[in-house]
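Visitor: Attaching a single structure in structure tokens format; questions to follow.
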Amino acid sequence: MQLKGKVALVTGGTRGIGLEVSTRLADRGADLILVYKKDIENAEAARESLEQRGAKVQLVQADLRKPDGVDAVFEEVRSGLDQIDILVLNAAFGTMGAVDRMGRYSWRASYDTNVLSPMLTARNALPWLKKKGGVITAISTLGAHTAYPTYVAIGSSKAAMETLIRYMAFEWGEYGIRANSVAAGPVETRAIDWFRYPDAVRIFTAKKGLAGRMGLPADIAEVAVWLCTDESRWIWGQSIIAEGGILCGVDFAEWKGNETPSASAGDPNAPTSIDAESEATEGGAA
Amino acid sequence: MTTTCRRFEGQVALITGASRGIGAGVAKRLAAEGAAVAVAYNTGVSNAEAVVQSIRDAGGEAVALQADLLDPKGARKLIAALREHHDRLDVLVPAAGHAEIKKLEDMDIDTWQGSFAIHLDAVLETCQAAYPLLQESKGRIVLLSTVGAEAAFPGFAAVGAAKAGLQSLMQYMASEWIRKGVRVNAVSCGTVDTGILERWEIGPRVRAFVEQKTVGLGIGKPEDVAPIVAFLAAEESRYIVGHSVIADGGMTLGIDFEEWVHEAYGKDAKL
């Protein structure tokens, strides 16, 4: 029970990777403040299962994309558990689309959720985190380190978030606050369906990722929770990439050259032009 | 040790350079989590025996194995010696190494080649020799690198360049061997208090810099590196493949202008 007596605030903590993180934090003895967007039934179910694991759980409903939504969370924290030792910045949003089709609204929505909100959330949590030298762990994406088709709004905003995390570690190190990110490869969550062709991502990841399979929320949560514990005390301001080895390189022995079906001859940026096979091959050049 | 988990119960771990410093810290940590540990050393027999004794005193299992990894047959002999004690190998941590400070204008070929021989050639040979056993156990290799491979710290070129090579070797091993179930990663360390600072003329300045300029933990101890190696050797990190994790307590995180603010605007000036 290495986290007994600690309280963790997890944004988006009631589903997907966030719920896996919450579960592991609870198993290590932490109490939880879980911020969710709107699905109260799902949030209540998460609360119930986490309470059965022995955690005190405070649920906070908020739209973190709005600055006053962030402020409202911390009003509730003050009147609730009134303690934050661990902050997990997990809530994310993104619109899929190629650069030449990216609209201002979609772009802003990604940056508001993935960059502005983590900054405001961490700033609000700072007075609590300062008390005993807290930990901040953010969930990022491999798309911040390489490029996927139509992923620019998410990938580039998460790259900004990772840099933000580095600055937090730099500026708040003097308070003993440690901040790091986990950059996740393709993971089997609801978000995978944001891709127009999720099966292409699945095939690519299984074939080209060295681990030979899609990531599971638990794979990422294990790393994130470890970063929240004292075990990782010497890691400051880093982004740990957990992607099953996709970035490692290309095995030319698997390169079929002209045998590979080509992407449709039309607009190369259109997500519709990606079929499973060409994605699997071309994506492997990352 | 505060850990209560026993992630390496029933497993065998081989650590080279384990008679002192980071290697010794890793050996003790893995043993505390249930691994039967082989403590490989070259010349530090009494140190190695002390590491083995402290592991046994704590209720762990350990054996000291002598190996000269600069000998072309050294790595194969080491694995043969390991096989006399154990019929399996689950975790390999090649930690043998040394660091000599020498600026490039004074660099001689022996210092240069010596660094590559121990940090790169010997690691390749050790991993190759261990590979058949690691395949059988779906084993893990955790290499030890340095932030001197990611950035330049004048005087550190022989180690930095060799470790940069090691990080590339790490990726190649990861990509060629993962399909056989062997997972390879590295920890890229900042300044670790292993006694090496006392042997360098520049050591006190390194210590002063890291202690004064690091926003986080600054100088690390082997006990700060060991849990990171253990994590990368454990099932928890299963989705991390072919990466070098920077662990330096924040030493290379950024540049603090405070000193120059004071120089330019007086010591009462604030950022």
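Chain lettering (A, B, ...) mirrors the order of the structure tokens, residue numbering begins at 1 for each chain separately, and ligand numbering begins at 1 in order of display.
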With a cut-off of 9 Å and counting only C-alpha atoms, select all residues of chain A in contact with chain B and give the selection as number ranges by chain.

Guide: A: 1-2, 166-167, 169-178, 185, 210-212, 215, 219-220, 222-223, 226, 231-251

Visitor: Under the rule of at most 10 Å, produce a per-residue listing of stretch 4-70 of chain B near stretch 139-163 of chain B: chain, number, name, the closest pair of atoms, and the distance in Å, as CSV, using only C-alpha atoms.

Guide:
residue,atom,partner,partner_atom,distance
B:Gln11,CA,B:Gly139,CA,9.6
B:Val12,CA,B:Gly139,CA,9.7
B:Ala13,CA,B:Arg140,CA,9.5
B:Leu14,CA,B:Ile141,CA,9.7
B:Ile15,CA,B:Val142,CA,9.8
B:Ile22,CA,B:Leu144,CA,8.9
B:Gly23,CA,B:Leu144,CA,9.4

Visitor: So which residues touch stretch 111-118 of chain B within 12 Å, counting only C-alpha atoms, skipping near sequence neighbours fewer than 5 positions away, as number ranges by chain?

Guide: B: 16-17, 42, 68-72, 74-75, 94-104, 106, 123-126, 155-166

Visitor: Please, which residues of stretch 48-235 of chain B, numbered as in this document, come out alpha helix (DSSP H) from DSSP, as a ChimeraX atom specification?

Guide: /B:48-57,74-85,109-116,122-137,157-177,196-199,203-213,222-233

Visitor: Suppose you want the space between atom CA of A:Ala253 and atom CA of A:Lys208; what is it in Å?

Guide: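 Taking atom CA of A:Ala253 as the start and atom CA of A:Lys208 as the end point, the length is 11.9 Å.
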
Visitor: According to DSSP computed on the backbone, where in stretch 27-57 of chain A is there strand (DSSP E)? Give the residues as a ChimeraX atom specification.

Guide: /A:31-36,57

Visitor: Counting only C-alpha atoms, what is within 8 Å of stretch 32-34 of chain A, bar same-chain residues fewer than 3 positions away, as a list of chain:residue names?

Guide: A:Val7, A:Ala8, A:Leu9, A:Val10, A:Thr11, A:Gly12, A:Gly13, A:Thr14, A:Ser22, A:Ala26, A:Ala55, A:Lys56, A:Val57, A:Gln58, A:Leu59, A:Val60, A:Val77, A:Leu81

Visitor: Which residues are near A:Ala62? Cut-off 10 Å, only C-alpha atoms, ignore same chain within fewer than 3 positions. Put them as a compact mmCIF listing (two decimals) with N, CA and C atoms, in the first residue's frame.

Guide:
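Dumped to result_15.txt:
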# COMPACT_ATOMS: atom_id res chain seq x y z
N THR A 11 -8.21 13.23 -14.11
CA THR A 11 -9.18 13.76 -15.06
C THR A 11 -9.53 12.66 -16.06
N GLY A 12 -10.79 12.56 -16.39
CA GLY A 12 -11.22 11.46 -17.25
C GLY A 12 -10.98 10.12 -16.58
N VAL A 35 -12.63 13.22 -12.13
CA VAL A 35 -13.34 14.22 -12.91
C VAL A 35 -13.86 13.56 -14.18
N TYR A 36 -15.17 13.69 -14.41
CA TYR A 36 -15.75 13.11 -15.62
C TYR A 36 -16.58 14.18 -16.31
N LYS A 37 -16.84 13.94 -17.61
CA LYS A 37 -17.46 14.98 -18.41
C LYS A 37 -18.98 14.99 -18.27
N LYS A 38 -19.63 13.85 -18.58
CA LYS A 38 -21.09 13.89 -18.50
C LYS A 38 -21.77 12.56 -18.22
N LEU A 59 -16.56 12.15 -6.83
CA LEU A 59 -16.81 12.37 -8.25
C LEU A 59 -17.05 13.85 -8.50
N ARG A 65 -12.90 21.70 -20.88
CA ARG A 65 -12.53 22.53 -22.02
C ARG A 65 -12.79 24.01 -21.72
N LYS A 66 -13.67 24.24 -20.73
CA LYS A 66 -13.98 25.62 -20.37
C LYS A 66 -13.18 26.02 -19.12
N ASP A 68 -13.79 28.06 -16.76
CA ASP A 68 -14.56 28.09 -15.52
C ASP A 68 -14.96 26.68 -15.09
N GLY A 69 -14.94 25.74 -16.07
CA GLY A 69 -15.15 24.33 -15.73
C GLY A 69 -14.03 23.82 -14.85
N VAL A 70 -12.80 24.23 -15.18
CA VAL A 70 -11.63 23.83 -14.37
C VAL A 70 -11.74 24.44 -12.97
N ASP A 71 -12.07 25.74 -12.92
CA ASP A 71 -12.18 26.40 -11.62
C ASP A 71 -13.21 25.70 -10.73
N ALA A 72 -14.33 25.30 -11.36
CA ALA A 72 -15.42 24.68 -10.59
C ALA A 72 -14.96 23.37 -9.95
N VAL A 73 -14.08 22.64 -10.64
CA VAL A 73 -13.56 21.38 -10.08
C VAL A 73 -12.92 21.64 -8.73

Visitor: Find the residue from B:Thr191, B:Cys5, B:Ala67, B:Val93 that sits nearest to B:Val37; use only C-alpha atoms when measuring.

Guide: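 Among the listed residues, B:Val93 lies closest to B:Val37.
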
Visitor: Rank nothing, just name the residue among B:Glu105, B:Asp121, B:Glu136, B:Glu263 nearest to B:Lys73, using only C-alpha atoms.

Guide: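 Among the listed residues, the smallest separation from B:Lys73 belongs to B:Asp121.
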
Visitor: Rounded to one decimal place, report the atom CA of B:Gly266-atom CA of B:Glu211 distance in Å.

Guide: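 One can read the atom CA of B:Gly266 to atom CA of B:Glu211 distance as 22.3 Å.
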
Visitor: Let me make sure I understand: among A:Asp31, A:Glu188, A:Asp63, A:Glu41, which one has the smallest atom-to-atom distance to A:Thr121 if we use only C-alpha atoms?

Guide: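 Of all the options, A:Asp63 lies closest to A:Thr121.
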
Visitor: For atom CA of B:Arg83 and atom CA of B:Ala35, quote the distance in Å rounded to one decimal.

Guide: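 These two atoms are separated by 15.5 Å.
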
Visitor: Counting only C-alpha atoms, which of B:Val51, B:Leu169, B:Ile109, B:Ala81 gets nearest to B:Ala186?

Guide: B:Leu169
